[in-house]
Structures are given as C-alpha cells and as structure tokens.
>>> print(open('protein.cif').read())   # mmCIF, C-alpha atoms
data_work
#
loop_
_atom_site.label_atom_id
_atom_site.label_comp_id
_atom_site.auth_asym_id
_atom_site.auth_seq_id
_atom_site.Cartn_x
_atom_site.Cartn_y
_atom_site.Cartn_z
CA MET E 1 -22.48 -24.25 3.38
CA LYS E 2 -20.98 -23.36 0.02
CA LYS E 3 -19.51 -19.91 -0.16
CA GLY E 4 -18.55 -18.09 -3.35
CA LEU E 5 -15.03 -17.73 -4.73
CA MET E 6 -15.23 -14.00 -4.14
CA PHE E 7 -15.69 -14.67 -0.43
CA GLU E 8 -12.63 -16.98 -0.38
CA LEU E 9 -10.58 -14.27 -2.08
CA LEU E 10 -11.68 -11.33 0.05
CA LYS E 11 -11.59 -12.99 3.46
CA GLY E 12 -7.77 -12.98 3.37
CA LEU E 13 -7.71 -9.25 2.83
CA TRP E 14 -9.92 -8.23 5.74
CA ASP E 15 -12.07 -10.61 7.79
CA GLU E 16 -9.43 -13.29 8.16
CA SER E 17 -6.34 -11.22 7.35
CA PRO E 18 -3.42 -13.51 8.25
CA THR E 19 -1.47 -10.66 9.81
CA PHE E 20 -4.07 -8.51 11.52
CA ARG E 21 -6.77 -11.02 12.49
CA GLN E 22 -5.10 -14.43 12.69
CA LEU E 23 -1.76 -13.01 13.87
CA LEU E 24 0.14 -15.64 11.88
CA GLY E 25 3.58 -15.24 10.34
CA MET E 26 4.63 -12.68 12.94
CA CYS E 27 8.33 -13.42 12.60
CA PRO E 28 8.80 -12.01 9.06
CA THR E 29 6.10 -9.40 9.72
CA LEU E 30 8.14 -7.87 12.51
CA ALA E 31 11.64 -8.57 11.25
CA VAL E 32 11.81 -7.50 7.61
CA THR E 33 9.36 -4.60 7.42
CA THR E 34 11.99 -1.88 7.84
CA SER E 35 11.22 -0.59 4.34
CA ILE E 36 8.49 -0.76 1.72
CA ILE E 37 10.53 -2.80 -0.72
CA ASN E 38 11.55 -5.35 1.92
CA GLY E 39 7.98 -5.80 3.15
CA PHE E 40 6.63 -6.08 -0.37
CA SER E 41 9.24 -8.60 -1.57
CA MET E 42 8.77 -10.75 1.52
CA GLY E 43 5.01 -10.69 0.87
CA VAL E 44 5.39 -11.66 -2.78
CA ALA E 45 7.82 -14.49 -1.96
CA THR E 46 5.33 -15.83 0.59
CA LEU E 47 2.45 -15.40 -1.87
CA PHE E 48 4.34 -17.48 -4.45
CA VAL E 49 5.06 -20.31 -2.02
CA LEU E 50 1.50 -20.21 -0.69
CA LEU E 51 -0.08 -20.39 -4.16
CA CYS E 52 2.13 -23.22 -5.40
CA SER E 53 1.93 -25.34 -2.26
CA SER E 54 -1.85 -24.88 -1.88
CA VAL E 55 -2.44 -26.00 -5.48
CA ILE E 56 -0.17 -29.04 -5.15
CA VAL E 57 -1.58 -30.03 -1.75
CA SER E 58 -5.10 -29.71 -3.14
CA LEU E 59 -4.23 -31.84 -6.18
CA LEU E 60 -2.64 -34.54 -4.02
CA ARG E 61 -5.19 -34.38 -1.20
CA SER E 62 -6.69 -37.80 -1.87
CA ALA E 63 -3.34 -39.45 -2.62
CA ILE E 64 -1.60 -38.47 0.62
CA PRO E 65 -2.40 -40.77 3.57
CA LYS E 66 -3.46 -38.65 6.54
CA GLU E 67 -0.77 -40.08 8.86
CA ILE E 68 2.03 -38.55 6.77
CA ARG E 69 0.23 -35.46 5.55
CA ILE E 70 2.27 -32.95 7.60
CA ALA E 71 5.56 -34.47 6.47
CA ALA E 72 4.36 -34.41 2.87
CA TYR E 73 3.21 -30.77 3.13
CA VAL E 74 6.52 -29.70 4.63
CA VAL E 75 8.50 -31.34 1.81
CA ILE E 76 6.30 -29.66 -0.79
CA ILE E 77 6.52 -26.27 0.92
CA ALA E 78 10.28 -26.57 1.43
CA ALA E 79 10.78 -27.29 -2.27
CA PHE E 80 8.94 -24.13 -3.31
CA VAL E 81 10.70 -22.04 -0.67
CA THR E 82 14.07 -23.16 -2.01
CA VAL E 83 12.95 -22.28 -5.54
CA ALA E 84 11.90 -18.80 -4.35
CA ASP E 85 15.17 -18.35 -2.45
CA LEU E 86 17.32 -19.36 -5.44
CA PHE E 87 15.28 -17.15 -7.75
CA LEU E 88 15.77 -14.10 -5.51
CA LYS E 89 19.50 -14.82 -5.10
CA ALA E 90 19.91 -15.13 -8.88
CA ASN E 91 17.81 -12.19 -10.04
CA PHE E 92 17.42 -9.83 -7.08
CA ALA E 93 20.66 -10.18 -5.13
CA ASP E 94 20.16 -6.95 -3.15
CA ILE E 95 16.68 -7.88 -1.96
CA SER E 96 17.85 -11.38 -1.13
CA LYS E 97 20.63 -9.89 1.01
CA ALA E 98 18.24 -7.53 2.79
CA LEU E 99 15.76 -10.31 3.61
CA GLY E 100 18.57 -12.59 4.78
CA PRO E 101 17.47 -15.82 6.46
CA PHE E 102 13.79 -14.86 6.39
CA VAL E 103 13.28 -16.23 2.87
CA PRO E 104 14.37 -19.79 3.79
CA LEU E 105 12.33 -19.37 6.98
CA ILE E 106 9.12 -19.15 4.92
CA VAL E 107 9.21 -22.97 5.33
CA VAL E 108 8.04 -22.58 8.91
CA ASN E 109 5.58 -19.75 8.24
CA CYS E 110 2.32 -20.90 9.87
CA ILE E 111 0.21 -19.21 7.20
CA ILE E 112 1.38 -21.69 4.58
CA LEU E 113 1.12 -24.89 6.60
CA GLY E 114 -2.09 -23.50 8.08
CA ARG E 115 -3.75 -22.98 4.69
CA ALA E 116 -2.56 -26.39 3.48
CA GLU E 117 -3.99 -28.12 6.54
CA ALA E 118 -7.15 -26.04 7.05
CA PHE E 119 -8.17 -25.35 3.46
CA ALA E 120 -6.26 -26.90 0.54
CA SER E 121 -6.40 -30.45 1.95
CA LYS E 122 -10.21 -30.23 2.07
CA HIS E 123 -11.08 -28.26 -1.08
CA GLY E 124 -10.66 -28.46 -4.84
CA VAL E 125 -7.89 -26.82 -6.83
CA ILE E 126 -9.74 -23.65 -7.82
CA PRO E 127 -11.04 -22.69 -4.36
CA SER E 128 -7.61 -23.54 -2.90
CA PHE E 129 -5.91 -21.32 -5.46
CA VAL E 130 -8.28 -18.45 -4.71
CA ASP E 131 -7.94 -18.93 -0.95
CA ALA E 132 -4.12 -18.88 -1.21
CA LEU E 133 -4.26 -15.85 -3.48
CA GLY E 134 -6.42 -13.95 -0.99
CA MET E 135 -4.32 -14.90 2.02
CA GLY E 136 -1.07 -14.17 0.16
CA LEU E 137 -2.32 -10.79 -1.02
CA GLY E 138 -3.55 -10.00 2.49
CA PHE E 139 -0.10 -10.83 3.87
CA THR E 140 1.65 -8.81 1.14
CA LEU E 141 -0.60 -5.79 1.73
CA ALA E 142 -0.06 -5.97 5.48
CA LEU E 143 3.73 -6.18 5.18
CA THR E 144 3.85 -3.40 2.60
CA LEU E 145 1.67 -1.21 4.82
CA ILE E 146 3.81 -1.79 7.92
CA GLY E 147 6.97 -1.32 5.85
CA SER E 148 5.76 1.96 4.37
CA ILE E 149 4.76 3.39 7.75
CA ARG E 150 8.09 2.42 9.29
CA GLU E 151 10.14 3.68 6.37
CA LEU E 152 8.28 7.00 6.10
CA LEU E 153 8.59 7.80 9.81
CA GLY E 154 11.93 6.12 10.44
CA SER E 155 14.02 7.43 7.56
CA GLY E 156 13.01 11.06 8.01
CA MET E 157 11.03 11.48 4.80
CA LEU E 158 8.49 13.41 6.87
CA GLY E 159 10.86 15.67 8.79
CA GLN E 160 12.87 14.50 11.81
CA PRO E 161 13.57 10.74 11.52
CA TRP E 162 12.08 8.58 14.26
CA VAL E 163 14.88 6.05 14.58
CA ILE E 164 12.74 3.84 16.84
CA MET E 165 10.48 3.02 13.86
CA ILE E 166 13.33 1.19 12.11
CA LEU E 167 14.38 -0.62 15.29
CA PRO E 168 12.53 -3.82 16.30
CA SER E 169 10.35 -1.94 18.80
CA GLY E 170 8.95 0.16 15.94
CA ALA E 171 7.61 -3.02 14.35
CA PHE E 172 5.67 -3.96 17.49
CA ILE E 173 4.30 -0.43 17.90
CA THR E 174 3.17 -0.20 14.25
CA LEU E 175 1.60 -3.66 14.26
CA GLY E 176 -0.23 -3.00 17.54
CA LEU E 177 -1.65 0.32 16.39
CA LEU E 178 -2.77 -1.14 13.05
CA ILE E 179 -4.55 -4.05 14.75
CA ALA E 180 -6.25 -1.58 17.11
CA LEU E 181 -7.32 0.58 14.17
CA MET E 182 -8.68 -2.44 12.36
CA ASN E 183 -10.68 -3.51 15.43
CA VAL E 184 -12.16 -0.03 15.76
CA ILE E 185 -13.24 -0.02 12.10
CA LYS E 186 -14.64 -3.52 12.42
CA ASP E 187 -16.67 -2.65 15.51
CA LYS E 188 -18.01 0.52 13.90
CA THR E 189 -19.10 -1.18 10.67
CA LYS E 190 -20.57 -4.16 12.49
CA ALA E 191 -22.64 -1.90 14.73
CA LYS E 192 -24.00 -0.19 11.63
CA LEU E 193 -24.64 -3.31 9.53
CA ALA E 194 -26.02 -5.88 11.91
CA PRO E 195 -28.77 -5.25 14.38
CA ALA E 196 -28.32 -7.05 17.70
CA CYS E 197 -29.04 -10.75 17.51
CA PRO E 198 -31.72 -11.58 20.02
CA LEU E 199 -30.33 -15.02 20.80
CA ALA E 200 -26.90 -14.01 22.16
CA CYS E 201 -25.50 -17.55 21.97
CA PRO E 202 -22.18 -18.01 23.83
CA GLY E 203 -19.16 -17.69 21.54
CA CYS E 204 -21.08 -15.94 18.77
CA GLU E 205 -19.71 -12.57 17.76
CA GLN E 206 -23.14 -11.29 16.81
CA GLY E 207 -24.56 -11.86 20.27
CA GLY E 208 -25.34 -8.76 22.27
CA VAL E 209 -23.95 -6.32 19.69
CA ASN E 210 -26.19 -3.35 19.17
CA MET Q 1 -0.39 -52.27 2.84
CA LYS Q 2 -1.08 -48.90 4.40
CA ILE Q 3 2.50 -48.41 5.50
CA LEU Q 4 3.66 -49.29 2.00
CA LYS Q 5 1.45 -46.57 0.54
CA MET Q 6 2.85 -44.05 3.00
CA ILE Q 7 6.41 -44.94 2.06
CA VAL Q 8 5.67 -44.80 -1.66
CA VAL Q 9 3.82 -41.47 -1.50
CA LEU Q 10 6.41 -39.71 0.65
CA THR Q 11 9.28 -41.10 -1.45
CA LEU Q 12 7.63 -39.92 -4.64
CA ILE Q 13 7.01 -36.44 -3.26
CA GLY Q 14 10.62 -36.26 -2.09
CA LEU Q 15 11.97 -37.49 -5.43
CA ILE Q 16 9.92 -35.06 -7.48
CA SER Q 17 10.80 -32.13 -5.19
CA GLY Q 18 14.47 -33.08 -5.40
CA GLY Q 19 14.31 -33.25 -9.18
CA VAL Q 20 12.66 -29.85 -9.47
CA LEU Q 21 15.24 -28.33 -7.11
CA ALA Q 22 18.16 -29.82 -9.02
CA TYR Q 23 16.80 -28.31 -12.21
CA VAL Q 24 16.25 -24.85 -10.66
CA TYR Q 25 19.63 -24.92 -8.94
CA GLN Q 26 21.44 -25.59 -12.21
CA TRP Q 27 19.83 -22.50 -13.66
CA ALA Q 28 20.41 -20.29 -10.60
CA GLU Q 29 23.97 -21.38 -9.80
CA LEU Q 30 25.56 -19.53 -12.73
CA LYS Q 31 23.64 -16.35 -12.07
CA ILE Q 32 24.46 -16.40 -8.35
CA ALA Q 33 28.16 -16.85 -9.09
CA ALA Q 34 28.01 -13.98 -11.61
CA ASN Q 35 26.34 -11.77 -8.98
CA GLN Q 36 29.13 -12.48 -6.51
CA VAL Q 37 31.81 -11.61 -9.07
CA ARG Q 38 29.98 -8.38 -9.93
CA GLU Q 39 29.76 -7.47 -6.24
CA THR Q 40 33.49 -8.03 -5.67
CA ASP Q 41 34.32 -6.08 -8.85
CA ALA Q 42 32.30 -3.09 -7.71
CA ALA Q 43 33.88 -3.10 -4.24
CA VAL Q 44 37.47 -3.42 -5.52
CA PHE Q 45 37.05 -0.78 -8.22
CA LYS Q 46 35.59 1.58 -5.65
CA VAL Q 47 38.36 1.39 -3.03
CA VAL Q 48 41.30 1.32 -5.46
CA PRO Q 49 40.24 3.87 -8.09
CA GLY Q 50 41.55 3.33 -11.61
CA THR Q 51 41.74 -0.47 -11.32
CA LYS Q 52 41.38 -2.24 -14.65
CA SER Q 53 42.10 -5.77 -13.51
CA TYR Q 54 42.83 -7.55 -10.25
CA LYS Q 55 44.20 -10.81 -8.93
CA THR Q 56 42.49 -12.50 -5.98
CA ILE Q 57 44.82 -13.87 -3.30
CA ALA Q 58 43.71 -15.91 -0.30
CA LYS Q 59 46.34 -16.50 2.38
CA ASP Q 60 45.67 -17.80 5.88
CA ASP Q 61 42.30 -16.28 6.75
CA LEU Q 62 42.92 -13.21 4.65
CA THR Q 63 41.54 -12.38 1.20
CA TYR Q 64 43.01 -9.50 -0.76
CA PHE Q 65 43.09 -8.28 -4.34
CA GLU Q 66 46.21 -7.03 -6.12
CA CYS Q 67 45.00 -4.23 -8.38
CA PHE Q 68 46.52 -3.26 -11.72
CA ASP Q 69 45.83 -0.66 -14.37
CA ASP Q 70 46.78 -1.15 -18.02
CA VAL Q 71 49.62 1.47 -18.05
CA ASP Q 72 51.95 1.48 -15.04
CA GLY Q 73 51.27 -1.89 -13.55
CA LYS Q 74 50.43 -2.25 -9.88
CA LEU Q 75 48.10 0.37 -8.45
CA GLY Q 76 47.55 -0.96 -4.98
CA THR Q 77 45.75 -3.60 -2.96
CA ALA Q 78 42.17 -3.99 -1.81
CA ILE Q 79 41.87 -5.98 1.42
CA LEU Q 80 38.74 -7.61 2.82
CA CYS Q 81 38.38 -6.97 6.56
CA GLN Q 82 35.97 -8.41 9.08
CA GLY Q 83 35.40 -8.02 12.80
CA ASN Q 84 32.92 -7.28 15.55
CA GLY Q 85 30.97 -4.04 15.62
CA TYR Q 86 28.54 -2.76 18.21
CA GLN Q 87 25.77 -5.25 17.39
CA GLY Q 88 27.11 -7.71 14.88
CA VAL Q 89 29.86 -8.48 12.42
CA ILE Q 90 31.09 -5.64 10.22
CA LYS Q 91 32.52 -6.59 6.83
CA LEU Q 92 34.37 -3.96 4.87
CA ILE Q 93 36.98 -3.56 2.16
CA VAL Q 94 39.86 -1.11 2.32
CA GLY Q 95 42.26 -0.02 -0.42
CA VAL Q 96 45.96 0.93 -0.04
CA ASN Q 97 48.29 2.31 -2.73
CA ALA Q 98 51.21 0.36 -4.18
CA ASP Q 99 53.95 1.72 -1.85
CA PHE Q 100 51.64 1.46 1.19
CA SER Q 101 51.88 5.15 2.06
CA LYS Q 102 48.18 5.93 2.10
CA PHE Q 103 44.70 4.48 1.97
CA THR Q 104 42.84 4.94 -1.28
CA GLY Q 105 39.33 4.19 -0.07
CA MET Q 106 37.07 2.23 2.26
CA SER Q 107 33.67 0.71 1.73
CA VAL Q 108 31.46 -1.05 4.30
CA LEU Q 109 29.99 -4.20 2.76
CA GLU Q 110 27.85 -5.52 5.60
CA GLN Q 111 26.91 -4.15 9.02
CA LEU Q 112 24.19 -4.43 11.66
CA GLU Q 113 24.87 -1.21 13.58
CA THR Q 114 22.10 0.96 15.06
CA PRO Q 115 20.10 2.74 12.33
CA GLY Q 116 20.62 6.50 12.49
CA LEU Q 117 23.76 6.20 14.63
CA GLY Q 118 26.36 3.47 14.06
CA ALA Q 119 24.87 2.63 10.68
CA LYS Q 120 26.32 5.93 9.45
CA ILE Q 121 29.60 4.03 8.93
CA SER Q 122 27.99 3.02 5.61
CA GLU Q 123 27.50 6.63 4.57
CA ALA Q 124 29.75 8.39 2.07
CA VAL Q 125 30.70 11.18 4.52
CA PHE Q 126 32.31 8.73 6.95
CA GLN Q 127 33.87 6.51 4.29
CA ALA Q 128 35.37 9.50 2.43
CA GLN Q 129 37.60 10.15 5.46
CA PHE Q 130 39.68 7.13 4.42
CA ASN Q 131 40.54 8.55 1.01
CA ASN Q 132 44.20 9.66 1.15
CA LEU Q 133 44.47 8.83 4.85
CA ALA Q 134 48.08 8.11 5.88
CA ALA Q 135 48.66 4.36 6.12
CA ARG Q 136 51.34 4.65 8.83
CA PRO Q 137 51.23 4.90 11.82
CA PRO Q 138 47.98 2.90 12.32
CA ILE Q 139 44.71 4.83 12.05
CA GLU Q 140 43.48 6.73 15.09
CA TYR Q 141 40.17 8.44 15.73
CA VAL Q 142 39.23 11.71 17.40
CA LYS Q 143 35.89 12.69 18.93
CA GLY Q 144 34.11 15.98 18.37
CA ILE Q 145 37.08 17.82 16.84
CA SER Q 146 38.49 17.89 13.32
CA PRO Q 147 41.37 15.49 12.68
CA SER Q 148 44.77 17.22 12.98
CA LYS Q 149 47.16 14.39 12.12
CA PRO Q 150 47.33 12.66 8.70
CA ASN Q 151 46.39 9.29 10.21
CA GLU Q 152 43.31 10.49 12.06
CA ILE Q 153 39.61 10.24 11.27
CA GLN Q 154 36.69 11.79 13.12
CA ALA Q 155 34.36 9.37 14.93
CA ILE Q 156 30.63 9.60 14.24
CA THR Q 157 28.85 11.62 16.94
CA GLY Q 158 26.98 9.25 19.25
CA ALA Q 159 28.52 6.19 17.65
CA THR Q 160 32.05 6.02 19.02
CA ILE Q 161 31.89 2.25 19.43
CA SER Q 162 30.98 1.64 15.78
CA SER Q 163 33.63 4.13 14.59
CA ARG Q 164 36.26 2.58 16.86
CA SER Q 165 35.29 -0.90 15.64
CA VAL Q 166 35.89 0.12 12.03
CA VAL Q 167 39.32 1.58 12.90
CA ASN Q 168 40.31 -1.49 14.96
CA ILE Q 169 39.13 -3.91 12.28
CA ILE Q 170 41.17 -2.12 9.61
CA ASN Q 171 44.30 -1.77 11.77
CA LYS Q 172 44.21 -5.43 12.81
CA THR Q 173 43.70 -6.68 9.26
CA ILE Q 174 46.44 -4.41 7.88
CA GLU Q 175 48.93 -5.88 10.40
CA GLU Q 176 47.95 -9.39 9.33
CA TRP Q 177 48.25 -8.45 5.68
CA LEU Q 178 51.74 -6.96 6.20
CA ARG Q 179 52.72 -10.24 7.86
CA VAL Q 180 51.47 -12.59 5.14
CA LYS Q 181 51.92 -10.61 1.92
#
>>> encode(input="protein.cif", output="structure tokens")
Amino acid sequence: MKKGLMFELLKGLWDESPTFRQLLGMCPTLAVTTSIINGFSMGVATLFVLLCSSVIVSLLRSAIPKEIRIAAYVVIIAAFVTVADLFLKANFADISKALGPFVPLIVVNCIILGRAEAFASKHGVIPSFVDALGMGLGFTLALTLIGSIRELLGSGMLGQPWVIMILPSGAFITLGLLIALMNVIKDKTKAKLAPACPLACPGCEQGGVN
Amino acid sequence: MKILKMIVVLTLIGLISGGVLAYVYQWAELKIAANQVRETDAAVFKVVPGTKSYKTIAKDDLTYFECFDDVDGKLGTAILCQGNGYQGVIKLIVGVNADFSKFTGMSVLEQLETPGLGAKISEAVFQAQFNNLAARPPIEYVKGISPSKPNEIQAITGATISSRSVVNIINKTIEEWLRVK
C-alpha cells in the first residue's frame, strides 16, 4: 500500500513518535533533558545525523550487499555523528560541553540505525528524507518538551524549585507521565473516530474498541 | 565474486567517510583550539583581576599561569586544581597574589555535584568568599556560622561534603604548587 509523503512526515510526530510510542533513544532522552536548550540541541544534532544517513543509505541501498549492510550503515552514521560533534565543539562549545559524551553516542542511537534498516534501505530518497525529517522532528519535540518541563519545575521558575526534576529520577517521572498522557489522548480520540470493528482479529488495535 | 563486492563497497564507504572527516576536522581544529584558549583566558582573567597577559607553566602534574599587568609586572598566579567531589571530579581555578598573602579569586570550571545543593559551589555567592581570603594558614571551613578567622569560608548549608572537597582540593594543590614553583 502506498501512503502519502504527508503520512510519512506526520507519523514521527505522533503515531510512531520515536520517544513516546517506540521508546527508542531512551539514553539521551533521559540523560540530557535537564534544560530546554540541552534537549533541543540534542534533538537537532540527532535530526541532522538521521537526515543525512537516511538519504545516503537510501541512495546506496542497491549498491550495498545485504550481508554487510549493518557495517556499512554504522560507518555512514559514525561519519555524520563525528561531523556533528566537531561542528558543535567548534561553534557551540558550551552546548557541546553540556551534552558531553551523548553527542558521540548518537552513533548507537537505535532511532537512526532503525530508520536506516526499516525504512531508508527499502524506499527512495524522497520518502526516506521525509521519514527521517518526521522522526527527527518528533525526537526533537519530545526532548524539548521533557527538557522544558524539567527546567521549569526543577530550576524554580514556578516558585519553589523541585530539585528531583533535574536529577535522573525526574527524567523517568516526566517521561512516564507524558507517555501516560499520550495514551489517554490516543484512546479518547480513537474511541471517537473509529467505531468498533466487528471482526476483532487478534493483534489488531481496532478490534473490540468501542 | 560476491565477497569481492562486499570488500570493495565497504572499503569505498570507509574511504569516502574518512575523506569527509579529514576535511571537516581541518576546518574544526582551529576553531576548537581557539575556543580552548578563550576559555582559559576568561578563567585566568577572572581569578587574577587586572591581568593583561599570562605565561602558561606545566610542571609535574600541575598547570599554572603566571599573570602580569602592563605596569608593575607580576600580579599573581592562577592555578588549575582538580580533585574528587561528592559525585564526580571537580575542576577549578584559583588565583593568588604575587607575594602569596591572599587569594584573589576562585572559579569552578567543571563539577557534577547535586543540583540545588552541592552544585552551589558554582554560584557567585560561594566563590566570592575566596576573594581576599588569607592564603596562610591553609583554608578552613565553618558550618552554620559566619567565618571569624581570615582563612575561613562558610560551607554551603546541606552540602558540607562538596564545600569540604573544594577546600581540600585547593589546599592540596597549593602545597604542590609551593613545592614545584
């Protein structure tokens, strides 16, 4: 089934949000979101690597033998991660210091290898670009959102600072509550939009919903 | 034939990636070095006020900066210190005047202390206590009361370990510096 480019772009923001629905890339999500700027810069760095590597993987998809595809993807991803790391160190030294080892660690971010393997290696350049853009934006939005909640509550901008929000436990609490909120919204909208499917096939989300 | 294709493809990808990285690195290297110089400048100028130029000296494991102004010559020395804090390594820089009678300033460069508690060692209120602090005898800290002696600072409430770490790191490094300078 051929789906539109708009679908490929939007799925990363909501239905298949890498952070809230696929729960991928948890390590940077939890570790660097102590402030808005940290979350946002981490998201943008990941978006850059994701876009570049998806395009290259898609371009080379017929040239790379399938036995060595993972090795090839990792080399391509690692090259772009190093470019992003050097760029941050050269132009945004403070941000680079705050993000620490998590920029080089984008190499092992499952979102990027996951999109290369699941999407870019099977689709043309334009859909792959749009897919990476959507996923990258979804990741950036999620990290910025978590970062802003933690910074607002943790640094005392809204009265008494809740120190726990800046500590690692605050990341887990924020992420958990956001996922719960998203599930509630999803259930509510689904109940409204789709009438119950009469077939109720096993494994189908539509089955039995009313 | 298949294995040959694999080798060729992977080698090509590696070569091209390497080439791109070499190109980007050449561009970034200069800027990164300039950033580091700017960072050191800012730290030295902050802890030894009035510095116009400085000379970097590395002896044993110690790095320090002899600071000069353009009128009377030597102003003092800024010394890089490093040691364990409550959660991780604390890096800081401390300034002493030319005759080593008092500290001229202290600035925490890197720390991983608890936000809201130990992390207050990075705040101006804590660091200002080191301005004009007597250099001898070694620094001591007091808890809950105002310092009464010229070599005393007040520990941060609820973060005695972080405060004590800062004092110990400075005292230890000063002893080493007196030995090697």
>>> resolve_selection(input="protein.cif", expression="the PyMOL selection byres ((chain Q) within 10 of (chain E))", output="PyMOL selection string")
chain Q and resi 2-3+5-14+16-25+27-36+39+110+114-117
>>> residues_around(input="protein.cif", residues="Cys52 of chain E", least_positions_apart="2", cutoff="9 Å", atoms="all atoms listed in the file", output="PyMOL selection string")
chain E and resi 47-50+54-57+76-77+80+129+132
>>> residues_around(input="protein.cif", residues="Trp177 of chain Q", least_positions_apart="3", cutoff="9 Å", atoms="all atoms listed in the file", output="PyMOL selection string")
chain Q and resi 59+62-64+79+172-174+180-181
>>> residues_around(input="protein.cif", residues="Thr140 of chain E", least_positions_apart="6", cutoff="8 Å", atoms="only C-alpha atoms", output="number ranges by chain")
E: 39-40, 42-44, 46-47
>>> atom_distance(input="protein.cif", atom1="atom CA of Ile161 of chain Q", atom2="atom CA of Gly85 of chain Q")
7.4 Å
>>> resolve_selection(input="protein.cif", expression="the PyMOL selection byres ((chain Q and resi 168) around 10)", output="PyMOL selection string")
chain Q and resi 83-85+138-141+162-167+169-174
>>> resolve_selection(input="protein.cif", expression="the PyMOL selection byres ((chain E and resi 106-115) around 7)", output="MDAnalysis selection string")
chainID E and resid 18 24:25 46 50 77:78 81 102:105 116:120
>>> write_last_selection(input="protein.cif", atoms="C-alpha atoms", output="compact mmCIF listing (two decimals), in the frame of the given file")
# COMPACT_ATOMS: atom_id res chain seq x y z
CA PRO E 18 -3.42 -13.51 8.25
CA LEU E 24 0.14 -15.64 11.88
CA GLY E 25 3.58 -15.24 10.34
CA THR E 46 5.33 -15.83 0.59
CA LEU E 50 1.50 -20.21 -0.69
CA ILE E 77 6.52 -26.27 0.92
CA ALA E 78 10.28 -26.57 1.43
CA VAL E 81 10.70 -22.04 -0.67
CA PHE E 102 13.79 -14.86 6.39
CA VAL E 103 13.28 -16.23 2.87
CA PRO E 104 14.37 -19.79 3.79
CA LEU E 105 12.33 -19.37 6.98
CA ALA E 116 -2.56 -26.39 3.48
CA GLU E 117 -3.99 -28.12 6.54
CA ALA E 118 -7.15 -26.04 7.05
CA PHE E 119 -8.17 -25.35 3.46
CA ALA E 120 -6.26 -26.90 0.54
>>> atom_distance(input="protein.cif", atom1="atom CA of Leu30 of chain E", atom2="atom CA of Leu13 of chain E")
18.6 Å
>>> residues_around(input="protein.cif", residues="Met6 of chain E", least_positions_apart="4", cutoff="12 Å", atoms="only C-alpha atoms", output="MDAnalysis selection string")
chainID E and resid 2 10:13 126:127 129:131 133:134
>>> build_atoms(input="protein.cif", residues="segment 142-158 of chain Q", atoms="N, CA and C atoms", output="PDB file, in the coordinates of the input")
ATOM      1  N   VAL Q 142      39.452  10.641  16.437  1.00  0.00           N
ATOM      2  CA  VAL Q 142      39.230  11.710  17.400  1.00  0.00           C
ATOM      3  C   VAL Q 142      37.730  11.931  17.522  1.00  0.00           C
ATOM      4  N   LYS Q 143      37.325  12.473  18.693  1.00  0.00           N
ATOM      5  CA  LYS Q 143      35.890  12.690  18.930  1.00  0.00           C
ATOM      6  C   LYS Q 143      35.603  14.179  18.986  1.00  0.00           C
ATOM      7  N   GLY Q 144      34.635  14.624  18.226  1.00  0.00           N
ATOM      8  CA  GLY Q 144      34.110  15.980  18.370  1.00  0.00           C
ATOM      9  C   GLY Q 144      34.968  17.082  17.775  1.00  0.00           C
ATOM     10  N   ILE Q 145      36.240  16.787  17.450  1.00  0.00           N
ATOM     11  CA  ILE Q 145      37.080  17.820  16.840  1.00  0.00           C
ATOM     12  C   ILE Q 145      37.535  17.357  15.470  1.00  0.00           C
ATOM     13  N   SER Q 146      37.999  18.271  14.643  1.00  0.00           N
ATOM     14  CA  SER Q 146      38.490  17.890  13.320  1.00  0.00           C
ATOM     15  C   SER Q 146      39.832  17.192  13.454  1.00  0.00           C
ATOM     16  N   PRO Q 147      40.092  16.197  12.631  1.00  0.00           N
ATOM     17  CA  PRO Q 147      41.370  15.490  12.680  1.00  0.00           C
ATOM     18  C   PRO Q 147      42.520  16.454  12.417  1.00  0.00           C
ATOM     19  N   SER Q 148      43.631  16.330  13.187  1.00  0.00           N
ATOM     20  CA  SER Q 148      44.770  17.220  12.980  1.00  0.00           C
ATOM     21  C   SER Q 148      45.961  16.475  12.399  1.00  0.00           C
ATOM     22  N   LYS Q 149      46.029  15.165  12.650  1.00  0.00           N
ATOM     23  CA  LYS Q 149      47.160  14.390  12.120  1.00  0.00           C
ATOM     24  C   LYS Q 149      46.733  13.645  10.857  1.00  0.00           C
ATOM     25  N   PRO Q 150      47.698  13.309   9.977  1.00  0.00           N
ATOM     26  CA  PRO Q 150      47.330  12.660   8.700  1.00  0.00           C
ATOM     27  C   PRO Q 150      46.765  11.261   8.858  1.00  0.00           C
ATOM     28  N   ASN Q 151      46.927  10.652  10.034  1.00  0.00           N
ATOM     29  CA  ASN Q 151      46.390   9.290  10.210  1.00  0.00           C
ATOM     30  C   ASN Q 151      45.150   9.267  11.072  1.00  0.00           C
ATOM     31  N   GLU Q 152      44.480  10.427  11.188  1.00  0.00           N
ATOM     32  CA  GLU Q 152      43.310  10.490  12.060  1.00  0.00           C
ATOM     33  C   GLU Q 152      42.010  10.628  11.254  1.00  0.00           C
ATOM     34  N   ILE Q 153      40.950   9.996  11.797  1.00  0.00           N
ATOM     35  CA  ILE Q 153      39.610  10.240  11.270  1.00  0.00           C
ATOM     36  C   ILE Q 153      38.733  10.721  12.420  1.00  0.00           C
ATOM     37  N   GLN Q 154      37.597  11.329  12.072  1.00  0.00           N
ATOM     38  CA  GLN Q 154      36.690  11.790  13.120  1.00  0.00           C
ATOM     39  C   GLN Q 154      35.604  10.743  13.335  1.00  0.00           C
ATOM     40  N   ALA Q 155      35.401  10.360  14.610  1.00  0.00           N
ATOM     41  CA  ALA Q 155      34.360   9.370  14.930  1.00  0.00           C
ATOM     42  C   ALA Q 155      32.983   9.988  14.712  1.00  0.00           C
ATOM     43  N   ILE Q 156      32.001   9.128  14.414  1.00  0.00           N
ATOM     44  CA  ILE Q 156      30.630   9.600  14.240  1.00  0.00           C
ATOM     45  C   ILE Q 156      30.064   9.988  15.598  1.00  0.00           C
ATOM     46  N   THR Q 157      29.440  11.149  15.677  1.00  0.00           N
ATOM     47  CA  THR Q 157      28.850  11.620  16.940  1.00  0.00           C
ATOM     48  C   THR Q 157      27.812  10.615  17.439  1.00  0.00           C
ATOM     49  N   GLY Q 158      27.954  10.183  18.677  1.00  0.00           N
ATOM     50  CA  GLY Q 158      26.980   9.250  19.250  1.00  0.00           C
ATOM     51  C   GLY Q 158      27.222   7.817  18.858  1.00  0.00           C
TER      52      GLY Q 158
END
